[in-house]
file input-v2.txt (compact mmCIF, C-alpha atoms)
# COMPACT_ATOMS: atom_id res chain seq x y z
CA MET A 1 34.23 80.43 74.52
CA PRO A 2 35.98 80.88 71.14
CA ASN A 3 35.62 84.65 71.51
CA LEU A 4 38.37 84.41 74.15
CA THR A 5 40.65 83.00 71.46
CA TYR A 6 39.78 85.85 69.12
CA THR A 7 40.41 88.40 71.85
CA ASP A 8 43.80 86.84 72.55
CA SER A 9 44.75 86.39 68.89
CA ASN A 10 46.79 89.58 69.16
CA ASP A 11 49.54 87.45 70.71
CA ILE A 12 48.99 84.12 68.96
CA ILE A 13 51.15 83.55 65.87
CA ALA A 14 53.66 85.96 64.46
CA TYR A 15 53.14 85.98 60.72
CA LEU A 16 50.76 83.21 59.75
CA PRO A 17 47.75 81.89 61.67
CA ASP A 18 49.04 78.32 61.97
CA GLY A 19 47.93 77.88 65.59
CA LEU A 20 44.67 79.77 65.90
CA GLN A 21 42.54 76.77 64.97
CA ALA A 22 44.19 74.77 67.74
CA GLN A 23 43.21 77.35 70.36
CA ILE A 24 39.64 77.61 69.05
CA PHE A 25 39.28 73.83 69.23
CA LEU A 26 40.79 73.72 72.71
CA SER A 27 38.33 76.31 74.04
CA LEU A 28 35.37 74.26 72.78
CA ALA A 29 36.81 70.96 73.99
CA VAL A 30 37.60 72.34 77.45
CA TYR A 31 34.06 73.71 77.68
CA SER A 32 32.72 70.23 76.95
CA VAL A 33 35.04 68.50 79.43
CA VAL A 34 34.09 70.86 82.26
CA THR A 35 30.39 70.54 81.42
CA PHE A 36 30.67 66.81 82.04
CA GLN A 37 32.87 67.30 85.11
CA TRP A 38 30.35 69.77 86.58
CA PHE A 39 27.55 67.23 86.14
CA PHE A 40 29.71 64.36 87.39
CA TRP A 41 30.83 65.90 90.68
CA GLY A 42 32.01 69.47 90.17
CA TYR A 43 28.82 71.19 91.28
CA SER A 44 28.57 68.99 94.35
CA LEU A 45 32.19 69.63 95.36
CA ALA A 46 31.65 73.38 95.13
CA PHE A 47 28.09 73.96 96.27
CA SER A 48 26.76 71.08 98.35
CA GLU A 49 24.87 72.44 101.35
CA SER A 50 26.82 70.25 103.79
CA ALA A 51 30.25 71.22 102.44
CA GLY A 52 33.21 71.75 104.71
CA LYS A 53 35.39 74.84 104.95
CA PHE A 54 37.59 73.80 102.04
CA ILE A 55 35.57 71.58 99.71
CA GLY A 56 32.15 70.07 99.33
CA ASN A 57 31.09 66.42 99.26
CA LEU A 58 29.36 64.11 96.81
CA LYS A 59 25.84 64.74 98.07
CA HIS A 60 24.83 65.93 94.61
CA PHE A 61 26.98 63.50 92.62
CA GLY A 62 25.57 63.32 89.11
CA LEU A 63 23.29 66.26 90.02
CA ILE A 64 21.25 64.03 92.31
CA ASN A 65 18.44 66.09 93.90
CA VAL A 66 19.46 69.26 92.09
CA LEU A 67 16.05 70.46 90.99
CA ASP A 68 13.71 73.08 92.40
CA GLN A 69 14.98 73.25 95.98
CA PRO A 70 16.53 76.59 97.10
CA SER A 71 20.13 77.06 96.01
CA VAL A 72 23.01 77.94 98.32
CA GLY A 73 23.48 81.18 96.38
CA ASN A 74 20.00 82.58 96.84
CA PRO A 75 16.93 80.83 98.31
CA ARG A 76 14.79 82.45 95.61
CA ILE A 77 16.82 80.76 92.86
CA PRO A 78 16.19 77.02 92.20
CA ALA A 79 19.26 74.85 92.61
CA LEU A 80 19.18 73.66 88.99
CA VAL A 81 19.14 77.23 87.67
CA TYR A 82 22.01 78.16 89.96
CA CYS A 83 23.90 75.04 88.85
CA VAL A 84 23.67 76.01 85.17
CA TYR A 85 24.64 79.62 85.90
CA GLN A 86 27.69 78.60 87.92
CA LEU A 87 28.66 76.17 85.15
CA MET A 88 29.50 79.18 82.97
CA PHE A 89 32.08 80.34 85.52
CA ALA A 90 33.47 76.81 85.87
CA THR A 91 33.92 76.40 82.10
CA ILE A 92 35.49 79.75 81.31
CA THR A 93 38.16 79.46 84.00
CA PRO A 94 40.23 76.59 82.51
CA VAL A 95 39.65 78.01 79.02
CA LEU A 96 41.45 81.13 80.20
CA ALA A 97 44.22 79.16 81.87
CA LEU A 98 44.95 76.97 78.86
CA GLY A 99 45.74 79.95 76.69
CA ALA A 100 49.20 79.20 78.10
CA THR A 101 49.45 76.19 75.78
CA ALA A 102 49.41 78.35 72.63
CA GLU A 103 51.79 77.17 69.89
CA ARG A 104 53.47 74.43 71.91
CA GLY A 105 51.00 72.46 74.04
CA ARG A 106 49.41 69.12 73.16
CA VAL A 107 45.63 68.86 73.18
CA PHE A 108 44.95 65.50 74.83
CA PRO A 109 46.99 66.12 78.01
CA ALA A 110 45.42 69.58 78.25
CA LEU A 111 41.96 68.00 78.37
CA VAL A 112 43.08 65.50 81.03
CA PHE A 113 44.58 68.41 82.95
CA THR A 114 41.28 70.28 82.68
CA PHE A 115 39.27 67.55 84.40
CA ILE A 116 41.80 67.12 87.21
CA TRP A 117 42.44 70.85 87.68
CA SER A 118 38.74 71.69 87.82
CA THR A 119 38.28 69.04 90.49
CA VAL A 120 41.17 69.90 92.80
CA VAL A 121 41.65 73.62 92.16
CA TYR A 122 38.57 75.39 90.80
CA ASP A 123 35.89 73.52 92.75
CA PRO A 124 37.54 73.92 96.18
CA ILE A 125 38.26 77.62 95.63
CA ALA A 126 34.70 78.25 94.43
CA CYS A 127 33.60 76.60 97.66
CA TRP A 128 35.90 78.88 99.69
CA TYR A 129 34.36 82.05 98.29
CA TRP A 130 30.76 81.32 97.34
CA ASN A 131 29.53 78.46 99.52
CA PRO A 132 28.23 79.82 102.86
CA THR A 133 30.36 77.17 104.60
CA GLY A 134 33.62 78.12 102.82
CA TRP A 135 36.39 79.58 104.93
CA VAL A 136 36.78 82.81 102.92
CA TYR A 137 33.01 83.36 102.99
CA VAL A 138 32.85 82.70 106.75
CA MET A 139 35.87 84.96 107.39
CA GLY A 140 34.12 87.82 105.62
CA GLY A 141 35.97 87.92 102.30
CA LEU A 142 34.07 89.61 99.47
CA ASP A 143 34.06 88.40 95.88
CA PHE A 144 30.97 89.26 93.89
CA ALA A 145 31.57 87.51 90.56
CA GLY A 146 34.88 85.66 90.46
CA GLY A 147 37.99 87.75 91.02
CA GLY A 148 39.45 84.87 93.03
CA PRO A 149 37.78 81.67 91.76
CA VAL A 150 37.95 82.67 88.09
CA HIS A 151 40.66 85.23 87.42
CA MET A 152 43.32 84.65 90.04
CA THR A 153 43.10 80.89 89.56
CA SER A 154 43.20 80.99 85.75
CA GLY A 155 46.01 83.55 85.65
CA THR A 156 48.11 81.70 88.20
CA ALA A 157 47.51 78.34 86.53
CA ALA A 158 48.58 79.87 83.21
CA LEU A 159 51.79 81.09 84.83
CA ALA A 160 52.56 77.60 86.13
CA TYR A 161 51.73 76.02 82.76
CA SER A 162 53.89 78.56 80.91
CA ILE A 163 56.86 77.98 83.19
CA TYR A 164 56.58 74.20 82.96
CA LEU A 165 56.14 74.08 79.17
CA GLY A 166 59.04 76.42 78.57
CA LYS A 167 59.41 79.02 75.86
CA ARG A 168 58.18 78.66 72.32
CA ARG A 169 60.72 77.59 69.73
CA GLY A 170 62.63 80.69 68.63
CA TYR A 171 61.17 82.89 71.37
CA GLY A 172 63.33 85.95 71.95
CA THR A 173 65.44 85.63 68.83
CA LYS A 174 65.86 88.43 66.32
CA GLN A 175 64.27 86.31 63.61
CA LEU A 176 61.02 85.95 65.53
CA SER A 177 58.99 89.10 66.04
CA TYR A 178 55.46 88.35 67.22
CA ARG A 179 52.80 90.68 65.91
CA PRO A 180 48.99 90.58 66.08
CA ASN A 181 47.44 87.83 64.05
CA ASN A 182 44.29 89.82 63.30
CA VAL A 183 43.47 93.07 65.09
CA SER A 184 39.86 92.90 63.87
CA HIS A 185 39.46 89.58 65.66
CA VAL A 186 40.82 91.16 68.83
CA VAL A 187 38.20 93.90 68.63
CA ILE A 188 35.35 91.46 67.91
CA GLY A 189 36.38 89.20 70.77
CA THR A 190 36.64 92.15 73.16
CA VAL A 191 33.18 93.40 72.20
CA PHE A 192 31.66 89.97 72.88
CA LEU A 193 33.48 89.76 76.21
CA TRP A 194 32.39 93.25 77.22
CA PHE A 195 28.77 92.40 76.46
CA GLY A 196 28.93 88.99 78.13
CA TRP A 197 30.46 90.48 81.27
CA PHE A 198 27.17 92.14 82.10
CA GLY A 199 25.77 88.63 82.48
CA PHE A 200 28.58 87.57 84.78
CA ASN A 201 28.65 90.65 86.98
CA GLY A 202 25.07 91.86 86.80
CA GLY A 203 23.78 88.30 86.93
CA SER A 204 25.73 87.57 90.09
CA ALA A 205 23.16 89.61 92.01
CA LEU A 206 20.90 86.60 91.30
CA SER A 207 17.96 88.95 90.97
CA ALA A 208 16.70 91.73 88.71
CA ASN A 209 17.05 94.61 91.14
CA LEU A 210 18.89 97.87 91.79
CA ARG A 211 22.03 96.11 92.97
CA ALA A 212 22.25 94.16 89.71
CA THR A 213 21.87 97.41 87.79
CA GLN A 214 24.60 99.04 89.84
CA ALA A 215 26.87 96.06 89.14
CA ALA A 216 26.31 96.53 85.42
CA ILE A 217 26.98 100.27 85.61
CA VAL A 218 30.29 99.89 87.44
CA THR A 219 31.30 97.08 85.09
CA ASN A 220 30.85 99.33 82.08
CA MET A 221 32.57 102.25 83.79
CA CYS A 222 35.62 100.28 84.91
CA ALA A 223 36.09 98.71 81.47
CA SER A 224 35.94 102.13 79.82
CA VAL A 225 38.35 103.75 82.25
CA GLY A 226 40.71 100.77 82.10
CA ALA A 227 40.81 100.97 78.31
CA LEU A 228 41.54 104.70 78.30
CA THR A 229 44.17 104.32 81.02
CA TRP A 230 45.99 101.54 79.17
CA CYS A 231 45.97 103.65 76.02
CA GLY A 232 47.34 106.57 78.00
CA VAL A 233 50.24 104.49 79.30
CA ASP A 234 51.00 103.24 75.79
CA TRP A 235 50.89 106.75 74.38
CA PHE A 236 53.23 108.01 77.10
CA TYR A 237 55.89 105.53 75.97
CA GLU A 238 55.16 105.08 72.25
CA GLN A 239 53.13 108.17 71.23
CA LYS A 240 50.65 105.79 69.55
CA PHE A 241 47.06 104.93 70.36
CA SER A 242 47.00 101.16 70.03
CA VAL A 243 43.74 99.38 69.20
CA VAL A 244 45.09 96.21 70.79
CA GLY A 245 46.12 98.26 73.83
CA PHE A 246 42.60 99.68 74.13
CA CYS A 247 41.14 96.18 74.05
CA SER A 248 43.66 94.92 76.60
CA GLY A 249 42.78 97.77 78.93
CA ALA A 250 39.07 97.15 78.57
CA VAL A 251 39.46 93.49 79.48
CA THR A 252 41.70 94.45 82.40
CA GLY A 253 39.02 96.80 83.70
CA LEU A 254 36.39 94.07 83.39
CA ILE A 255 38.58 91.68 85.34
CA ALA A 256 39.40 94.13 88.12
CA ILE A 257 35.78 95.13 88.70
CA THR A 258 34.60 91.51 88.86
CA PRO A 259 35.14 90.94 92.60
CA ALA A 260 33.89 94.44 93.41
CA ALA A 261 30.91 94.81 91.07
CA GLY A 262 28.10 94.37 93.59
CA PHE A 263 29.91 96.15 96.42
CA VAL A 264 31.17 99.49 95.10
CA GLY A 265 29.83 102.78 93.79
CA THR A 266 30.57 104.31 90.42
CA PRO A 267 33.38 106.67 91.60
CA ALA A 268 35.18 103.63 93.03
CA ALA A 269 34.89 101.93 89.63
CA VAL A 270 36.79 104.84 88.10
CA ALA A 271 39.61 104.42 90.61
CA ILE A 272 39.72 100.66 90.09
CA GLY A 273 39.90 101.12 86.32
CA VAL A 274 42.82 103.54 86.58
CA VAL A 275 44.83 101.38 88.98
CA ALA A 276 44.15 98.19 87.01
CA GLY A 277 44.99 99.83 83.68
CA ILE A 278 48.34 101.03 84.95
CA GLY A 279 49.16 98.01 87.09
CA CYS A 280 48.35 95.34 84.52
CA ASN A 281 50.06 97.26 81.74
CA PHE A 282 53.30 97.17 83.68
CA ALA A 283 52.64 93.56 84.75
CA THR A 284 52.95 92.51 81.10
CA LYS A 285 56.67 93.30 81.42
CA LEU A 286 57.15 90.70 84.15
CA LYS A 287 57.62 87.90 81.63
CA PHE A 288 60.66 89.69 80.23
CA ILE A 289 62.09 90.29 83.68
CA PHE A 290 61.63 86.72 84.93
CA GLY A 291 62.04 84.95 81.60
CA TYR A 292 58.82 82.97 81.18
CA ASP A 293 56.74 82.82 77.99
CA ASP A 294 53.14 83.69 78.89
CA VAL A 295 51.91 83.93 75.30
CA ILE A 296 48.77 85.99 75.87
CA ASP A 297 49.65 87.66 79.19
CA ILE A 298 47.09 85.68 81.19
CA PHE A 299 48.95 86.13 84.45
CA ALA A 300 49.46 89.85 83.89
CA THR A 301 45.81 90.54 83.10
CA HIS A 302 43.77 87.93 84.95
CA ALA A 303 45.82 87.11 88.04
CA CYS A 304 47.15 90.64 88.58
CA GLY A 305 43.85 92.25 87.59
CA GLY A 306 41.90 89.96 89.92
CA PHE A 307 44.37 90.65 92.73
CA ILE A 308 44.07 94.41 92.26
CA GLY A 309 40.29 94.17 92.18
CA ALA A 310 40.18 92.06 95.33
CA LEU A 311 42.31 94.51 97.32
CA MET A 312 40.41 97.53 96.07
CA THR A 313 37.17 95.83 97.06
CA GLY A 314 38.54 95.93 100.58
CA LEU A 315 39.02 99.67 100.22
CA PHE A 316 35.81 100.67 98.46
CA ALA A 317 33.17 98.10 99.47
CA ASP A 318 30.17 100.26 100.41
CA ALA A 319 27.46 99.03 102.76
CA ARG A 320 25.02 101.46 101.11
CA VAL A 321 25.45 99.84 97.69
CA VAL A 322 25.06 96.34 99.09
CA SER A 323 21.85 97.37 100.86
CA PHE A 324 20.21 97.95 97.47
CA ASP A 325 18.89 94.37 97.66
CA GLY A 326 18.53 94.22 101.43
CA THR A 327 21.91 92.60 102.16
CA GLU A 328 23.95 93.92 105.08
CA ILE A 329 27.75 93.99 105.35
CA ASP A 330 30.24 96.06 107.34
CA GLY A 331 31.81 97.45 104.17
CA GLY A 332 35.44 98.31 103.55
CA TRP A 333 37.73 101.21 104.36
CA ILE A 334 35.18 103.64 102.99
CA ASN A 335 32.94 102.54 105.89
CA HIS A 336 35.87 102.55 108.36
CA HIS A 337 35.91 98.75 108.40
CA TYR A 338 39.65 98.48 108.03
CA ILE A 339 40.03 94.76 108.67
CA GLN A 340 38.26 94.08 105.37
CA LEU A 341 41.47 94.74 103.46
CA GLY A 342 43.14 92.02 105.54
CA TYR A 343 40.36 89.59 104.67
CA GLN A 344 40.75 90.36 100.99
CA LEU A 345 44.53 89.97 101.12
CA ALA A 346 44.30 86.65 102.97
CA GLY A 347 41.88 85.21 100.43
CA ALA A 348 43.92 86.45 97.45
CA VAL A 349 47.27 85.15 98.73
CA ALA A 350 45.76 81.77 99.64
CA THR A 351 44.13 81.51 96.21
CA ILE A 352 47.29 82.32 94.27
CA GLY A 353 49.56 80.17 96.45
CA TYR A 354 47.27 77.12 96.44
CA THR A 355 46.59 77.38 92.71
CA PHE A 356 50.25 77.64 91.73
CA ALA A 357 51.40 74.79 93.95
CA VAL A 358 48.65 72.34 93.00
CA THR A 359 48.77 73.24 89.30
CA MET A 360 52.51 72.66 89.15
CA LEU A 361 52.07 69.30 90.93
CA ILE A 362 49.42 68.23 88.40
CA LEU A 363 51.68 69.22 85.49
CA VAL A 364 54.71 67.33 86.83
CA VAL A 365 52.74 64.13 87.44
CA LEU A 366 50.80 64.32 84.18
CA ASP A 367 53.88 64.97 82.07
CA HIS A 368 55.49 61.76 83.35
CA ILE A 369 52.53 59.55 82.45
CA PRO A 370 53.07 57.71 79.13
CA GLY A 371 51.06 59.34 76.38
CA CYS A 372 50.47 62.54 78.34
CA SER A 373 53.60 64.57 77.62
CA LEU A 374 52.48 68.18 77.67
CA ARG A 375 54.57 69.69 74.87
CA VAL A 376 54.35 68.86 71.17
CA PRO A 377 57.45 67.50 69.39
CA GLU A 378 59.70 70.08 67.77
CA PHE A 379 58.55 68.89 64.37
CA GLU A 380 54.94 69.86 65.10
CA GLU A 381 56.03 73.15 66.58
CA ILE A 382 57.78 73.98 63.31
CA ILE A 383 54.79 73.23 61.07
CA GLY A 384 52.29 74.70 63.53
CA LEU A 385 49.71 73.16 65.83
CA ASP A 386 46.84 73.59 63.40
CA GLU A 387 48.32 70.95 61.11
CA GLY A 388 50.33 69.09 63.73
CA GLN A 389 47.46 68.49 66.15
CA HIS A 390 44.38 68.87 63.94
CA GLY A 391 45.33 68.48 60.29
CA GLU A 392 43.45 71.61 59.24
CA PHE A 393 43.82 75.38 59.22
CA SER A 394 41.75 78.42 60.11
CA PHE A 395 42.72 79.88 56.72
CA ASP A 396 43.43 77.70 53.70
CA PHE A 397 46.18 79.93 52.29
CA VAL A 398 48.50 78.94 55.13
CA HIS A 399 49.29 75.61 53.49
CA SER A 400 50.48 77.17 50.26
CA THR A 401 52.33 80.14 51.77
CA ARG A 402 54.00 78.59 54.82
CA ASP A 403 56.96 80.61 56.05
CA ILE A 404 60.30 78.86 55.88
CA GLU A 405 63.36 80.30 57.54
CA ASP A 406 65.96 77.85 56.21
CA PRO A 407 64.86 75.30 53.58
CA GLU A 408 68.01 73.23 53.90
CA GLY A 409 67.90 73.28 57.68
CA HIS A 410 64.24 72.31 57.67
CA GLN A 411 64.81 69.52 55.18
CA LYS A 412 67.54 68.13 57.41
CA LEU A 413 65.28 68.34 60.46
CA VAL A 414 62.44 66.56 58.64
CA ASP A 415 64.77 63.85 57.32
CA GLU A 416 66.06 63.19 60.81
CA HIS A 417 62.53 63.07 62.16
CA LEU A 418 61.39 60.64 59.46
CA ARG A 419 64.36 58.36 60.10
CA SER A 420 63.65 58.40 63.85
CA ARG A 421 60.03 57.42 63.20
CA GLY A 422 60.88 54.76 60.64
CA SER A 423 58.15 55.83 58.21
CA GLY A 424 56.38 58.99 57.19
CA SER A 425 52.71 59.82 57.76
CA ASP A 426 50.67 61.82 55.28
CA LEU A 427 51.31 64.88 57.42
CA GLU A 428 55.08 64.39 57.35
CA ARG A 429 55.20 63.73 53.61
CA ASP A 430 53.08 66.80 53.02
CA VAL A 431 55.41 68.95 55.07
CA GLU A 432 58.45 67.44 53.35
CA LYS A 433 56.96 68.38 49.99
CA THR A 434 56.17 71.91 51.21
CA ILE A 435 59.67 72.41 52.57
CA GLY A 436 61.20 71.19 49.33
CA THR A 437 59.24 73.62 47.13
CA ASN A 438 58.55 76.72 49.19
CA THR A 439 61.62 78.85 49.80
CA ALA A 440 59.92 82.21 50.25
CA GLY A 441 58.25 83.81 53.20
CA PRO A 442 58.99 85.56 56.46
CA VAL A 443 61.61 84.24 58.83
CA ARG A 444 60.49 81.98 61.68
CA ALA A 445 63.69 80.72 63.23
CA GLY A 446 64.67 78.92 66.36
CA PRO A 447 67.81 79.50 68.41
CA GLU A 448 69.60 76.59 66.74
CA VAL A 449 68.97 78.09 63.28
CA GLU A 450 70.32 81.46 64.38
CA ALA A 451 73.43 79.76 65.68
call {"tool": "encode", "arguments": {"input": "input-v2.txt", "output": "structure tokens"}}
result
Amino acid sequence: MPNLTYTDSNDIIAYLPDGLQAQIFLSLAVYSVVTFQWFFWGYSLAFSESAGKFIGNLKHFGLINVLDQPSVGNPRIPALVYCVYQLMFATITPVLALGATAERGRVFPALVFTFIWSTVVYDPIACWYWNPTGWVYVMGGLDFAGGGPVHMTSGTAALAYSIYLGKRRGYGTKQLSYRPNNVSHVVIGTVFLWFGWFGFNGGSALSANLRATQAAIVTNMCASVGALTWCGVDWFYEQKFSVVGFCSGAVTGLIAITPAAGFVGTPAAVAIGVVAGIGCNFATKLKFIFGYDDVIDIFATHACGGFIGALMTGLFADARVVSFDGTEIDGGWINHHYIQLGYQLAGAVATIGYTFAVTMLILVVLDHIPGCSLRVPEFEEIIGLDEGQHGEFSFDFVHSTRDIEDPEGHQKLVDEHLRSRGSGSDLERDVEKTIGTNTAGPVRAGPEVEA
């Protein structure tokens, strides 16, 4: 899970990595929370054999009777094996979504949010798509490895979280120019994701056969084409070949091929990569148009990429490819089954609409519960979440080279904060000392400082 943080570190922190540790911790903590939730009732709500059209029941509460009986995914796969495999999808989804908390979100409420959100958003939508009783599955919607349950839900939830939290302190001011924290980390994270995606997409065939191989081939092809397309768009506007842009395009291609991987041929993967590379590149501009602060472009890449992939599955789903493992479907437009595009659109719109509405409701209620306010105090936002929430840094030099935009202004802010609290903690005294002695460094200003 931390490799997601490294991949996204191109957008986390402008000058000094004073929030990267917070995101790494959050990814691990969310993984642990969802692991427990999946055991507690998550698997049962998503994949119980007697589930309804919208959500399962508690037949397998606490993984009761989840052993060697046939799974709902494939009768040749034991239920316990299928449970562990699906756990990986369940854990990565909220990890993706909570990238929206970067540099301004509190940890504890995010973990509470994770348990609730997984229960009322992820589990029902996984049931819709992958449980044979789910309404999208029954309707005929196609999603091979998570374009809807994973990417559209995480991207849409991130949008809701970003809107509710508001912009980072100083966002959009001249003094604050966000640049990549560590491009090497971005590359390393992308490589791990690219490799791991073969397990998600190829593994979703639930068998070592020709269809699984085809899913792996189109996954690799779409990622490659998406990366080259994104670079091409960047070059058209900037005349530069961006390493970060290449990585962003590769991830976009991986996302877009996810719902289509076991349904399409290799030429279709090329088309999906091109459309996703162009579409998601332009989708990153939406936050400037509509004024929300999606730190790592989760909505633009995951929600938009998943949506593009879902629709293009309706166009290019090929009955011949699916028959590689003996499965029969009517296919998509390529097989003159034109209604398939309607099925895909219905599932995608329902997924995005339900996710946004329920996520926003969870955030509103949670934020009004004592002790669960979602955003860190301004004081912690100034010193960075690594120290504010965790008391430690990814890199030790941060403490001695902290950037200060206005020593006098900061000193005043700290004094006011200490007076409001009545006494100073070790953290506050440490920051007060740093502010009093360190007057050098890049500018990191908020709107009130600029004024």
call {"tool": "residues_around", "arguments": {"input": "input-v2.txt", "residues": "Thr114 (chain A)", "least_positions_apart": "4", "cutoff": "8 Å", "atoms": "all atoms listed in the file", "output": "list in words"}}
result
Val30, Val33, Val34, Pro94, Ala110 and Ser118 of chain A
call {"tool": "write_last_selection", "arguments": {"input": "input-v2.txt", "atoms": "C-alpha atoms", "output": "tab-separated table (two decimals), in the coordinates of the input"}}
result
chain	number	residue	atom	x	y	z
A	30	VAL	CA	37.60	72.34	77.45
A	33	VAL	CA	35.04	68.50	79.43
A	34	VAL	CA	34.09	70.86	82.26
A	94	PRO	CA	40.23	76.59	82.51
A	110	ALA	CA	45.42	69.58	78.25
A	118	SER	CA	38.74	71.69	87.82
call {"tool": "atom_distance", "arguments": {"input": "input-v2.txt", "atom1": "CA of Ala269 (chain A)", "atom2": "CA of Met152 (chain A)"}}
result
19.2 Å
call {"tool": "closest_residue", "arguments": {"input": "input-v2.txt", "among": "A:Gly273, A:Gly155, A:Gly309, A:Gly203", "to": "Asp294 (chain A)", "atoms": "only C-alpha atoms"}}
result
A:Gly155
call {"tool": "atom_distance", "arguments": {"input": "input-v2.txt", "atom1": "CA of Ala157 (chain A)", "atom2": "CA of Thr355 (chain A)"}}
result
6.3 Å
call {"tool": "closest_residue", "arguments": {"input": "input-v2.txt", "among": "A:Ala256, A:Leu341, A:Leu366, A:Leu67", "to": "Leu80 (chain A)", "atoms": "all atoms listed in the file"}}
result
A:Leu67
call {"tool": "atom_distance", "arguments": {"input": "input-v2.txt", "atom1": "CA of Arg375 (chain A)", "atom2": "CA of Val183 (chain A)"}}
result
27.7 Å
call {"tool": "closest_residue", "arguments": {"input": "input-v2.txt", "among": "A:Phe263, A:Phe54, A:Phe282, A:Trp41", "to": "Trp128 (chain A)", "atoms": "all atoms listed in the file"}}
result
A:Phe54
call {"tool": "closest_atom_pairs", "arguments": {"input": "input-v2.txt", "of": "region 133-200 of chain A", "to": "region 367-372 of chain A", "cutoff": "12 Å", "atoms": "all atoms listed in the file", "output": "Markdown table"}}
result
| residue | atom | partner | partner_atom | distance |
| --- | --- | --- | --- | --- |
| A:Tyr161 | CA | A:Asp367 | CA | 11.3 |
| A:Tyr164 | CA | A:Asp367 | CA | 9.7 |
| A:Leu165 | CA | A:Asp367 | CA | 9.8 |
call {"tool": "closest_residue", "arguments": {"input": "input-v2.txt", "among": "A:Ala208, A:Met88, A:Ile24, A:Val95", "to": "Arg76 (chain A)", "atoms": "only C-alpha atoms"}}
result
A:Ala208
call {"tool": "residues_near_point", "arguments": {"input": "input-v2.txt", "point": "(41.6, 103.0, 73.7)", "cutoff": "9 Å", "atoms": "only C-alpha atoms", "output": "JSON, numbers by chain"}}
result
{"A": [224, 226, 227, 228, 229, 230, 231, 232, 241, 242, 243, 244, 245, 246, 247, 248, 249, 250]}
call {"tool": "closest_residue", "arguments": {"input": "input-v2.txt", "among": "A:Ala310, A:Ala215, A:Leu20, A:Leu87", "to": "Leu345 (chain A)", "atoms": "only C-alpha atoms"}}
result
A:Ala310
call {"tool": "closest_residue", "arguments": {"input": "input-v2.txt", "among": "A:Lys53, A:His151, A:His337, A:His60", "to": "Ala300 (chain A)", "atoms": "only C-alpha atoms"}}
result
A:His151
call {"tool": "closest_atom_pairs", "arguments": {"input": "input-v2.txt", "of": "region 241-260 of chain A", "to": "region 311-326 of chain A", "cutoff": "9 Å", "atoms": "all atoms listed in the file", "output": "Markdown table"}}
result
| residue | atom | partner | partner_atom | distance |
| --- | --- | --- | --- | --- |
| A:Ala256 | CA | A:Met312 | CA | 8.7 |
| A:Ile257 | CA | A:Thr313 | CA | 8.5 |
| A:Pro259 | CA | A:Thr313 | CA | 6.9 |
| A:Ala260 | CA | A:Thr313 | CA | 5.1 |
call {"tool": "build_atoms", "arguments": {"input": "input-v2.txt", "residues": "region 221-232 of chain A", "atoms": "N, CA and C atoms", "output": "compact mmCIF listing (two decimals), in the frame of the given file"}}
result
# COMPACT_ATOMS: atom_id res chain seq x y z
N MET A 221 31.71 101.12 83.46
CA MET A 221 32.57 102.25 83.79
C MET A 221 34.03 101.81 83.94
N CYS A 222 34.25 100.73 84.66
CA CYS A 222 35.62 100.28 84.91
C CYS A 222 36.29 99.81 83.62
N ALA A 223 35.53 99.14 82.76
CA ALA A 223 36.09 98.71 81.47
C ALA A 223 36.49 99.92 80.64
N SER A 224 35.65 100.93 80.61
CA SER A 224 35.94 102.13 79.82
C SER A 224 37.17 102.86 80.34
N VAL A 225 37.23 103.04 81.65
CA VAL A 225 38.35 103.75 82.25
C VAL A 225 39.64 102.93 82.11
N GLY A 226 39.53 101.61 82.28
CA GLY A 226 40.71 100.77 82.10
C GLY A 226 41.27 100.85 80.70
N ALA A 227 40.37 100.86 79.70
CA ALA A 227 40.81 100.97 78.31
C ALA A 227 41.52 102.29 78.05
N LEU A 228 40.94 103.38 78.52
CA LEU A 228 41.54 104.70 78.30
C LEU A 228 42.87 104.83 79.05
N THR A 229 42.94 104.26 80.24
CA THR A 229 44.17 104.32 81.02
C THR A 229 45.30 103.54 80.34
N TRP A 230 44.98 102.35 79.86
CA TRP A 230 45.99 101.54 79.17
C TRP A 230 46.50 102.28 77.94
N CYS A 231 45.57 102.87 77.19
CA CYS A 231 45.97 103.65 76.02
C CYS A 231 46.87 104.82 76.41
N GLY A 232 46.53 105.46 77.53
CA GLY A 232 47.34 106.57 78.00
C GLY A 232 48.76 106.16 78.33
